[in-house]
$ cat coords_3.cif   # mmCIF, C-alpha atoms
data_data
#
loop_
_atom_site.label_atom_id
_atom_site.label_comp_id
_atom_site.auth_asym_id
_atom_site.auth_seq_id
_atom_site.Cartn_x
_atom_site.Cartn_y
_atom_site.Cartn_z
CA MET A 1 -35.14 13.78 39.16
CA ARG A 2 -34.66 15.72 42.39
CA TRP A 3 -35.00 14.17 45.83
CA GLN A 4 -38.20 15.25 47.57
CA THR A 5 -37.07 17.32 50.55
CA THR A 6 -40.48 18.22 51.97
CA GLU A 7 -41.14 16.18 55.09
CA GLN A 8 -44.60 14.70 55.40
CA ILE A 9 -46.04 12.98 58.46
CA ALA A 10 -47.72 9.61 57.84
CA THR A 11 -50.66 8.77 60.07
CA LEU A 12 -50.90 5.26 61.46
CA PRO A 13 -53.87 3.74 63.33
CA MET A 14 -52.85 3.23 66.95
CA ARG A 15 -54.53 1.98 70.09
CA LEU A 16 -53.58 1.26 73.67
CA VAL A 17 -54.40 -2.31 74.69
CA GLY A 18 -54.19 -4.03 78.02
CA PRO A 19 -53.09 -3.24 80.63
CA VAL A 20 -50.83 -6.17 81.31
CA LYS A 21 -49.20 -6.94 84.63
CA ILE A 22 -45.43 -7.42 84.43
CA ILE A 23 -43.44 -9.02 87.24
CA GLY A 24 -39.68 -8.88 87.36
CA PRO A 25 -36.56 -7.38 88.94
CA GLU A 26 -36.51 -4.45 86.49
CA VAL A 27 -40.21 -3.94 85.75
CA PHE A 28 -42.95 -4.56 88.28
CA ALA A 29 -46.01 -2.70 87.07
CA GLU A 30 -49.24 -2.74 85.11
CA VAL A 31 -48.72 -1.07 81.74
CA VAL A 32 -50.83 -0.47 78.67
CA LEU A 33 -49.37 -1.49 75.31
CA PRO A 34 -49.32 1.09 72.48
CA LEU A 35 -49.64 -0.68 69.12
CA ALA A 36 -49.64 1.10 65.74
CA THR A 37 -50.83 -1.18 62.97
CA PHE A 38 -53.06 -1.52 59.93
CA GLU A 39 -53.88 -5.07 61.03
CA THR A 40 -56.76 -4.11 63.30
CA PRO A 41 -57.45 -7.62 64.68
CA LEU A 42 -54.05 -7.39 66.40
CA TRP A 43 -55.49 -5.04 69.01
CA PRO A 44 -58.27 -7.26 70.43
CA SER A 45 -56.11 -10.35 70.06
CA THR A 46 -53.21 -8.86 72.04
CA HIS A 47 -55.70 -7.47 74.55
CA ARG A 48 -57.14 -10.96 75.05
CA GLY A 49 -53.64 -12.29 75.69
CA ALA A 50 -52.99 -9.52 78.22
CA LYS A 51 -56.29 -10.15 79.99
CA THR A 52 -55.54 -13.86 80.19
CA CYS A 53 -52.06 -13.26 81.59
CA ASN A 54 -53.46 -10.88 84.21
CA GLN A 55 -55.91 -13.55 85.33
CA ALA A 56 -52.89 -15.85 85.70
CA GLY A 57 -51.07 -13.38 87.94
CA GLY A 58 -48.99 -11.56 85.34
CA ILE A 59 -45.97 -12.08 83.10
CA LYS A 60 -42.50 -12.58 84.51
CA SER A 61 -39.73 -11.01 82.43
CA VAL A 62 -35.97 -10.53 82.61
CA ILE A 63 -33.09 -9.40 80.39
CA ILE A 64 -30.05 -11.69 80.38
CA ASP A 65 -27.84 -9.85 77.86
CA ASP A 66 -27.58 -6.34 76.44
CA ARG A 67 -25.25 -5.25 73.63
CA MET A 68 -25.24 -3.54 70.25
CA THR A 69 -22.90 -4.50 67.42
CA ARG A 70 -21.19 -3.23 64.32
CA SER A 71 -18.84 -5.28 62.17
CA VAL A 72 -16.15 -3.68 60.04
CA LEU A 73 -14.36 -5.26 57.10
CA LEU A 74 -10.64 -4.90 56.43
CA GLU A 75 -8.33 -6.62 53.99
CA ALA A 76 -4.74 -7.79 54.40
CA PRO A 77 -2.25 -8.45 51.57
CA SER A 78 -2.03 -12.14 52.55
CA ILE A 79 -3.42 -14.71 54.93
CA VAL A 80 -0.21 -14.59 56.98
CA GLN A 81 -0.48 -10.85 57.52
CA ALA A 82 -4.18 -11.20 58.28
CA SER A 83 -3.40 -13.81 60.94
CA VAL A 84 -0.67 -11.70 62.54
CA ALA A 85 -2.88 -8.59 62.63
CA VAL A 86 -5.81 -10.45 64.17
CA GLU A 87 -3.71 -12.01 66.94
CA SER A 88 -2.23 -8.62 67.74
CA LEU A 89 -5.63 -6.88 67.79
CA LYS A 90 -6.97 -9.36 70.31
CA GLN A 91 -4.46 -7.96 72.80
CA GLN A 92 -5.53 -4.34 72.27
CA LYS A 93 -9.02 -4.34 73.83
CA THR A 94 -8.09 -1.99 76.67
CA ASP A 95 -6.73 0.59 74.23
CA MET A 96 -9.88 0.23 72.13
CA GLN A 97 -12.06 1.32 75.05
CA GLY A 98 -10.09 4.54 75.33
CA ILE A 99 -10.73 5.31 71.67
CA ILE A 100 -14.47 4.65 72.05
CA GLU A 101 -14.86 6.91 75.07
CA GLU A 102 -13.84 9.84 72.88
CA THR A 103 -16.93 9.31 70.69
CA SER A 104 -19.64 9.12 73.37
CA ARG A 105 -19.89 9.16 77.15
CA TYR A 106 -22.45 6.34 76.90
CA ALA A 107 -20.67 3.93 74.55
CA LYS A 108 -18.73 1.19 76.33
CA PHE A 109 -16.66 -1.47 74.63
CA LEU A 110 -17.74 -4.97 75.63
CA ASP A 111 -16.07 -7.46 73.31
CA MET A 112 -14.80 -8.23 69.82
CA HIS A 113 -15.32 -11.32 67.66
CA VAL A 114 -13.31 -12.09 64.55
CA GLN A 115 -13.88 -14.08 61.39
CA VAL A 116 -11.19 -14.37 58.70
CA VAL A 117 -12.02 -15.44 55.15
CA GLY A 118 -8.87 -15.66 53.06
CA CYS A 119 -7.24 -12.27 53.56
CA LEU A 120 -10.55 -10.60 54.57
CA ILE A 121 -10.86 -9.66 58.25
CA TYR A 122 -14.33 -9.26 59.75
CA LEU A 123 -14.24 -7.56 63.15
CA ARG A 124 -17.51 -7.62 65.11
CA PHE A 125 -17.42 -4.96 67.82
CA GLU A 126 -19.90 -5.10 70.71
CA PHE A 127 -20.92 -2.09 72.80
CA SER A 128 -23.32 -1.02 75.49
CA THR A 129 -25.13 2.13 74.36
CA GLY A 130 -27.14 3.49 77.28
CA ASP A 131 -30.75 4.38 76.45
CA ALA A 132 -30.10 4.66 72.70
CA SER A 133 -30.73 1.74 70.39
CA GLY A 134 -27.16 2.36 69.33
CA HIS A 135 -27.09 2.27 65.52
CA ASN A 136 -25.26 5.57 65.06
CA MET A 137 -23.32 5.32 68.30
CA THR A 138 -21.79 1.96 67.38
CA THR A 139 -21.09 3.06 63.80
CA LEU A 140 -19.23 6.17 64.97
CA ALA A 141 -17.27 4.19 67.56
CA SER A 142 -16.41 1.55 64.95
CA GLU A 143 -15.31 4.24 62.50
CA ARG A 144 -12.88 5.61 65.06
CA LEU A 145 -11.59 2.12 65.78
CA VAL A 146 -10.98 1.54 62.08
CA ASP A 147 -8.97 4.78 61.86
CA TRP A 148 -6.94 3.68 64.89
CA ILE A 149 -6.34 0.18 63.47
CA LEU A 150 -5.23 1.41 60.06
CA ILE A 151 -2.65 3.71 61.63
CA ARG A 152 -1.16 0.85 63.68
CA TYR A 153 -1.45 -1.75 60.92
CA PRO A 154 -0.70 0.14 57.69
CA GLU A 155 -0.60 -3.10 55.72
CA LEU A 156 -4.38 -3.42 56.17
CA GLU A 157 -6.88 -1.71 53.88
CA TYR A 158 -10.39 -0.43 54.56
CA VAL A 159 -13.21 -2.27 52.75
CA SER A 160 -16.43 -1.29 54.57
CA ILE A 161 -17.71 0.16 57.84
CA SER A 162 -20.21 -2.72 57.84
CA GLY A 163 -19.21 -6.20 56.74
CA ASN A 164 -22.60 -7.90 57.38
CA TYR A 165 -21.20 -9.81 60.36
CA CYS A 166 -23.12 -7.38 62.63
CA CYS A 167 -25.74 -8.62 61.55
CA ASP A 168 -28.00 -5.59 61.03
CA LYS A 169 -31.60 -6.04 59.80
CA LYS A 170 -30.96 -9.39 58.19
CA ASN A 171 -31.85 -12.99 58.94
CA SER A 172 -28.85 -14.68 60.58
CA ALA A 173 -27.70 -17.10 63.25
CA VAL A 174 -24.90 -14.93 64.64
CA ASN A 175 -27.14 -12.47 66.49
CA GLY A 176 -28.84 -15.14 68.53
CA ILE A 177 -25.52 -16.84 69.31
CA LEU A 178 -23.33 -13.82 70.11
CA GLY A 179 -26.05 -11.28 70.92
CA ARG A 180 -27.35 -8.10 69.30
CA GLY A 181 -29.75 -5.94 71.26
CA LYS A 182 -31.45 -7.01 74.44
CA TYR A 183 -32.00 -10.69 75.20
CA VAL A 184 -35.51 -10.74 76.70
CA LEU A 185 -37.15 -13.72 78.40
CA THR A 186 -40.85 -13.76 79.35
CA GLU A 187 -43.05 -16.43 80.91
CA VAL A 188 -46.48 -17.01 82.37
CA VAL A 189 -48.20 -19.99 83.99
CA ILE A 190 -51.89 -20.06 83.05
CA PRO A 191 -54.28 -22.21 85.09
CA LYS A 192 -56.25 -24.67 83.00
CA SER A 193 -59.54 -23.06 83.99
CA VAL A 194 -58.29 -19.62 82.91
CA CYS A 195 -57.03 -21.04 79.63
CA GLU A 196 -60.39 -22.63 78.88
CA ARG A 197 -62.44 -19.58 79.92
CA PHE A 198 -60.46 -16.76 78.28
CA LEU A 199 -58.64 -18.50 75.41
CA LYS A 200 -61.40 -21.02 74.58
CA THR A 201 -58.91 -23.87 74.37
CA THR A 202 -56.82 -26.20 76.53
CA PRO A 203 -53.15 -26.15 77.57
CA GLU A 204 -52.61 -29.45 75.75
CA LYS A 205 -53.87 -28.06 72.44
CA ILE A 206 -51.62 -25.01 72.63
CA ILE A 207 -48.59 -27.16 73.49
CA GLN A 208 -49.22 -29.53 70.61
CA LEU A 209 -49.78 -26.67 68.17
CA ASN A 210 -46.52 -25.05 69.26
CA ILE A 211 -44.65 -28.30 68.58
CA LYS A 212 -46.28 -29.06 65.25
CA LYS A 213 -46.60 -25.52 63.88
CA ASN A 214 -43.89 -23.37 65.45
CA LEU A 215 -41.15 -25.98 65.92
CA ILE A 216 -41.60 -28.56 63.15
CA GLY A 217 -43.18 -26.08 60.75
CA ASN A 218 -40.25 -23.69 61.07
CA ILE A 219 -37.75 -26.53 60.64
CA ILE A 220 -39.24 -27.67 57.35
CA ALA A 221 -39.49 -24.04 56.23
CA GLY A 222 -35.78 -23.58 56.88
CA GLY A 223 -36.23 -20.98 59.62
CA VAL A 224 -33.03 -19.65 61.24
CA ARG A 225 -33.10 -19.64 65.05
CA THR A 226 -36.83 -18.98 65.02
CA ALA A 227 -39.92 -20.87 66.17
CA ASN A 228 -42.93 -18.61 66.48
CA ALA A 229 -46.23 -17.79 64.82
CA HIS A 230 -46.12 -14.00 64.40
CA PHE A 231 -43.67 -12.19 66.68
CA ALA A 232 -43.13 -9.63 63.91
CA ASN A 233 -46.74 -8.41 64.12
CA MET A 234 -46.51 -7.24 67.72
CA LEU A 235 -42.94 -6.03 67.40
CA LEU A 236 -43.67 -3.86 64.37
CA ALA A 237 -46.75 -2.34 65.98
CA PHE A 238 -44.84 -1.65 69.20
CA TYR A 239 -41.77 -0.30 67.37
CA LEU A 240 -43.85 2.11 65.29
CA ALA A 241 -45.73 3.34 68.35
CA THR A 242 -42.50 4.02 70.27
CA GLY A 243 -40.36 5.53 67.50
CA GLN A 244 -38.04 2.59 66.83
CA ASP A 245 -36.23 1.63 63.63
CA ALA A 246 -38.91 -0.66 62.26
CA ALA A 247 -36.51 -2.70 60.10
CA ASN A 248 -35.04 -4.18 63.28
CA ILE A 249 -38.05 -6.48 63.51
CA ILE A 250 -36.13 -8.72 61.09
CA GLU A 251 -33.65 -9.86 63.72
CA GLY A 252 -36.06 -9.03 66.54
CA SER A 253 -38.66 -11.54 65.38
CA GLN A 254 -36.11 -14.37 65.39
CA GLY A 255 -37.39 -15.80 68.65
CA MET A 256 -38.87 -18.93 70.13
CA VAL A 257 -41.93 -20.13 72.00
CA TYR A 258 -41.60 -22.80 74.66
CA ALA A 259 -44.82 -24.31 76.00
CA ASP A 260 -45.22 -27.14 78.50
CA LEU A 261 -47.54 -28.55 81.14
CA ARG A 262 -47.15 -27.63 84.80
CA GLY A 263 -49.51 -30.10 86.38
CA GLU A 264 -52.73 -29.29 84.49
CA ASP A 265 -51.67 -25.71 83.78
CA LEU A 266 -50.02 -24.11 80.75
CA TYR A 267 -46.44 -22.89 81.00
CA PHE A 268 -45.92 -20.42 78.14
CA SER A 269 -42.64 -18.64 77.45
CA VAL A 270 -41.38 -16.30 74.73
CA THR A 271 -37.65 -15.79 74.12
CA LEU A 272 -36.51 -12.76 72.13
CA PRO A 273 -32.70 -12.61 71.87
CA ASN A 274 -32.48 -9.53 69.63
CA ILE A 275 -34.77 -6.73 70.82
CA ILE A 276 -33.28 -3.45 69.57
CA VAL A 277 -35.01 -0.44 71.13
CA GLY A 278 -34.12 2.95 72.57
CA THR A 279 -35.83 5.76 74.42
CA VAL A 280 -33.61 8.54 73.05
CA GLY A 281 -32.31 9.35 69.59
CA SER A 282 -33.78 9.35 66.11
CA GLY A 283 -37.56 8.91 65.94
CA LYS A 284 -38.17 9.77 69.60
CA THR A 285 -39.05 13.46 69.19
CA PHE A 286 -42.55 13.02 67.76
CA ASP A 287 -45.29 14.03 70.19
CA PHE A 288 -47.11 10.68 70.04
CA VAL A 289 -43.86 8.81 70.65
CA GLN A 290 -43.03 10.95 73.66
CA GLU A 291 -46.52 10.41 75.04
CA ASN A 292 -46.30 6.64 74.59
CA LEU A 293 -42.86 6.49 76.21
CA ARG A 294 -44.21 8.57 79.09
CA ILE A 295 -47.20 6.25 79.52
CA LEU A 296 -44.84 3.27 79.58
CA GLY A 297 -42.69 4.89 82.26
CA CYS A 298 -39.66 5.01 79.96
CA LEU A 299 -38.80 8.69 80.31
CA GLU A 300 -38.03 8.61 84.02
CA PRO A 301 -34.70 9.85 85.49
CA ARG A 302 -32.89 6.51 85.82
CA GLU A 303 -29.37 5.21 85.39
CA PRO A 304 -28.24 5.19 81.72
CA GLY A 305 -29.73 2.24 79.90
CA GLN A 306 -32.52 1.46 82.37
CA ASN A 307 -35.31 3.14 80.41
CA ALA A 308 -34.37 1.26 77.24
CA ARG A 309 -34.23 -2.02 79.16
CA ARG A 310 -37.69 -1.32 80.57
CA LEU A 311 -38.97 -0.67 77.05
CA ALA A 312 -37.48 -3.94 75.79
CA ILE A 313 -39.14 -5.90 78.58
CA ILE A 314 -42.52 -4.35 77.80
CA ALA A 315 -42.01 -5.15 74.11
CA GLY A 316 -41.34 -8.78 75.04
CA CYS A 317 -44.54 -8.94 77.08
CA ALA A 318 -46.54 -7.46 74.19
CA VAL A 319 -45.17 -10.21 71.95
CA LEU A 320 -46.12 -12.90 74.46
CA CYS A 321 -49.70 -11.60 74.70
CA GLY A 322 -50.20 -11.56 70.95
CA GLU A 323 -48.50 -14.89 70.36
CA LEU A 324 -50.51 -16.64 73.07
CA SER A 325 -53.81 -15.34 71.74
CA LEU A 326 -53.09 -16.29 68.13
CA LEU A 327 -51.97 -19.81 68.97
CA ALA A 328 -55.09 -20.29 71.06
CA ALA A 329 -57.25 -19.09 68.15
CA GLN A 330 -55.54 -21.46 65.72
CA THR A 331 -56.35 -24.50 67.87
CA ASN A 332 -60.01 -23.99 66.96
CA PRO A 333 -61.02 -24.52 63.30
CA GLY A 334 -62.39 -21.36 61.70
CA GLU A 335 -61.84 -19.05 64.68
CA LEU A 336 -58.99 -17.03 63.17
CA MET A 337 -60.73 -16.21 59.89
CA LYS A 338 -64.08 -15.61 61.57
CA SER A 339 -62.48 -13.02 63.87
CA HIS A 340 -60.68 -11.29 61.01
CA VAL A 341 -63.84 -11.07 58.90
CA ARG A 342 -65.95 -9.78 61.78
CA LEU A 343 -63.41 -7.18 62.89
CA GLU A 344 -62.51 -5.97 59.40
CA ARG A 345 -66.18 -5.62 58.42
CA GLN A 346 -66.84 -3.71 61.63
CA LYS A 347 -63.93 -1.42 60.82
CA LYS A 348 -65.30 -0.70 57.33
CA THR A 349 -68.69 0.12 58.82
CA ASP A 350 -67.10 2.43 61.40
CA ASP A 351 -65.05 4.18 58.69
CA LYS A 352 -68.19 4.86 56.64
CA ASN A 353 -69.97 6.29 59.65
#
$ encode --input "coords_3.cif" --output "structure tokens"
Amino acid sequence: MRWQTTEQIATLPMRLVGPVKIIGPEVFAEVVLPLATFETPLWPSTHRGAKTCNQAGGIKSVIIDDRMTRSVLLEAPSIVQASVAVESLKQQKTDMQGIIEETSRYAKFLDMHVQVVGCLIYLRFEFSTGDASGHNMTTLASERLVDWILIRYPELEYVSISGNYCCDKKNSAVNGILGRGKYVLTEVVIPKSVCERFLKTTPEKIIQLNIKKNLIGNIIAGGVRTANAHFANMLLAFYLATGQDAANIIEGSQGMVYADLRGEDLYFSVTLPNIIVGTVGSGKTFDFVQENLRILGCLEPREPGQNARRLAIIAGCAVLCGELSLLAAQTNPGELMKSHVRLERQKKTDDKN
């Protein structure tokens, strides 16, 4: 059976929702949110969250870490030789940067973490990658580093360019602890009156639901560094609309909601430690992607990396809007299903017409 080589373009339903006001040192603007999804209720729900946040003055957002990773796997003849090689490699970080600069003018070596299992050596390289998400850039840089290491340590053997300690597109604890992608924080303080008017609920109900559903529910489910209702919904829709590698929602949706009272008002925060996005590279050449990136202000002439950081911040705000709206809906019996039925039936009617 031959591989099908004819490229076909899949059409996805997409809408712009919002706008939402974002306040922060890197992004201070009102932006619309492009979301491509088959789950049509996501659009009005995220829009409601954006409208509520605007009434509250906007969403504050920052990035506190930014790195992309690739882990390689090598094998030594014995645990003694593995130990000696690892200790020696830890002293070679300056030389490693020189090797990486030969692969890309944007790749910068940040750090290296090591795990040794028997005679297996897992090296987790961390890089900054400019405006690219960095999958290929980090793999190429890591490949060159492996070549360099094997020349200097001929007793070591190559096992794999990826040893799963990255950890790429898999559920793990390491990404949240050591970092993979952009660590995005978002928050909003919603006055009680705004909460009641636009979300049809109270701050207290949302806080209690977050504790009992997101926190305790995820604990008993065995969730790994995650406490949220549906981060993946907004992330996938945003990733598809902006040409991202959609599989990165696996680590991207490992995030947490923190909700508390500020006087009578609702403090609502979303933490996303592993947002992996880029504004250049694979998937960014489609016309609709270019248009969405332009609308978001992510194709401007800025310092390397700033457009991708802007995109990550906007993604984080989209997640907050959708998460806030869903939690509010779930505080009221029947509201979630009633909305889905009404919107899906309306969609079917519109499709027939």
$ closest_residue --input "coords_3.cif" --among "A:Arg180, A:Arg144, A:Lys93, A:Arg309" --to "A:Thr279" --atoms "only C-alpha atoms"
A:Arg309
$ residues_around --input "coords_3.cif" --residues "A:Ala36" --least-positions-apart "3" --cutoff "10 Å" --atoms "all atoms listed in the file" --output "PyMOL selection string"
chain A and resi 11-16+33+39-40+42-43+234-242
$ closest_residue --input "coords_3.cif" --among "A:Pro41, A:Ala85, A:Thr202, A:Leu140" --to "A:Glu101" --atoms "all atoms listed in the file"
A:Leu140
$ resolve_selection --input "coords_3.cif" --expression "the PyMOL selection byres ((chain A and resi 113) around 10)" --output "list in words"
Ser71, Lys90, Asp111, Met112, Val114, Gln115, Tyr122, Leu123, Arg124, Phe125, Glu126, Tyr165 and Leu178 of chain A
$ resolve_selection --input "coords_3.cif" --expression "the PyMOL selection byres ((chain A and resi 201) around 10)" --output "list in words"
Lys192, Ser193, Val194, Cys195, Glu196, Arg197, Phe198, Leu199, Lys200, Thr202, Pro203, Glu204, Lys205, Ile206, Leu327, Ala328, Ala329, Gln330, Thr331 and Asn332 of chain A
$ closest_residue --input "coords_3.cif" --among "A:Leu215, A:Ala29, A:Val224, A:Val189" --to "A:Ser172" --atoms "only C-alpha atoms"
A:Val224
$ atom_distance --input "coords_3.cif" --atom1 "atom CA of A:Leu266" --atom2 "atom CA of A:Gly24"
19.6 Å
$ atom_distance --input "coords_3.cif" --atom1 "atom CA of A:Leu156" --atom2 "atom CA of A:Ile99"
18.9 Å
$ resolve_selection --input "coords_3.cif" --expression "the PyMOL selection byres ((chain A and resi 32) around 9)" --output "short mmCIF file (atom, residue, chain, number, x, y, z; two decimals) with C-alpha atoms, keeping the file's coordinate frame"
data_model
loop_
_atom_site.label_atom_id
_atom_site.label_comp_id
_atom_site.auth_asym_id
_atom_site.auth_seq_id
_atom_site.Cartn_x
_atom_site.Cartn_y
_atom_site.Cartn_z
CA LEU A 16 -53.58 1.26 73.67
CA VAL A 17 -54.40 -2.31 74.69
CA GLY A 18 -54.19 -4.03 78.02
CA PRO A 19 -53.09 -3.24 80.63
CA VAL A 20 -50.83 -6.17 81.31
CA LYS A 21 -49.20 -6.94 84.63
CA GLU A 30 -49.24 -2.74 85.11
CA VAL A 31 -48.72 -1.07 81.74
CA LEU A 33 -49.37 -1.49 75.31
CA PRO A 34 -49.32 1.09 72.48
CA ILE A 295 -47.20 6.25 79.52
CA LEU A 296 -44.84 3.27 79.58
#
$ atom_distance --input "coords_3.cif" --atom1 "atom CA of A:Asn233" --atom2 "atom CA of A:Glu26"
24.9 Å
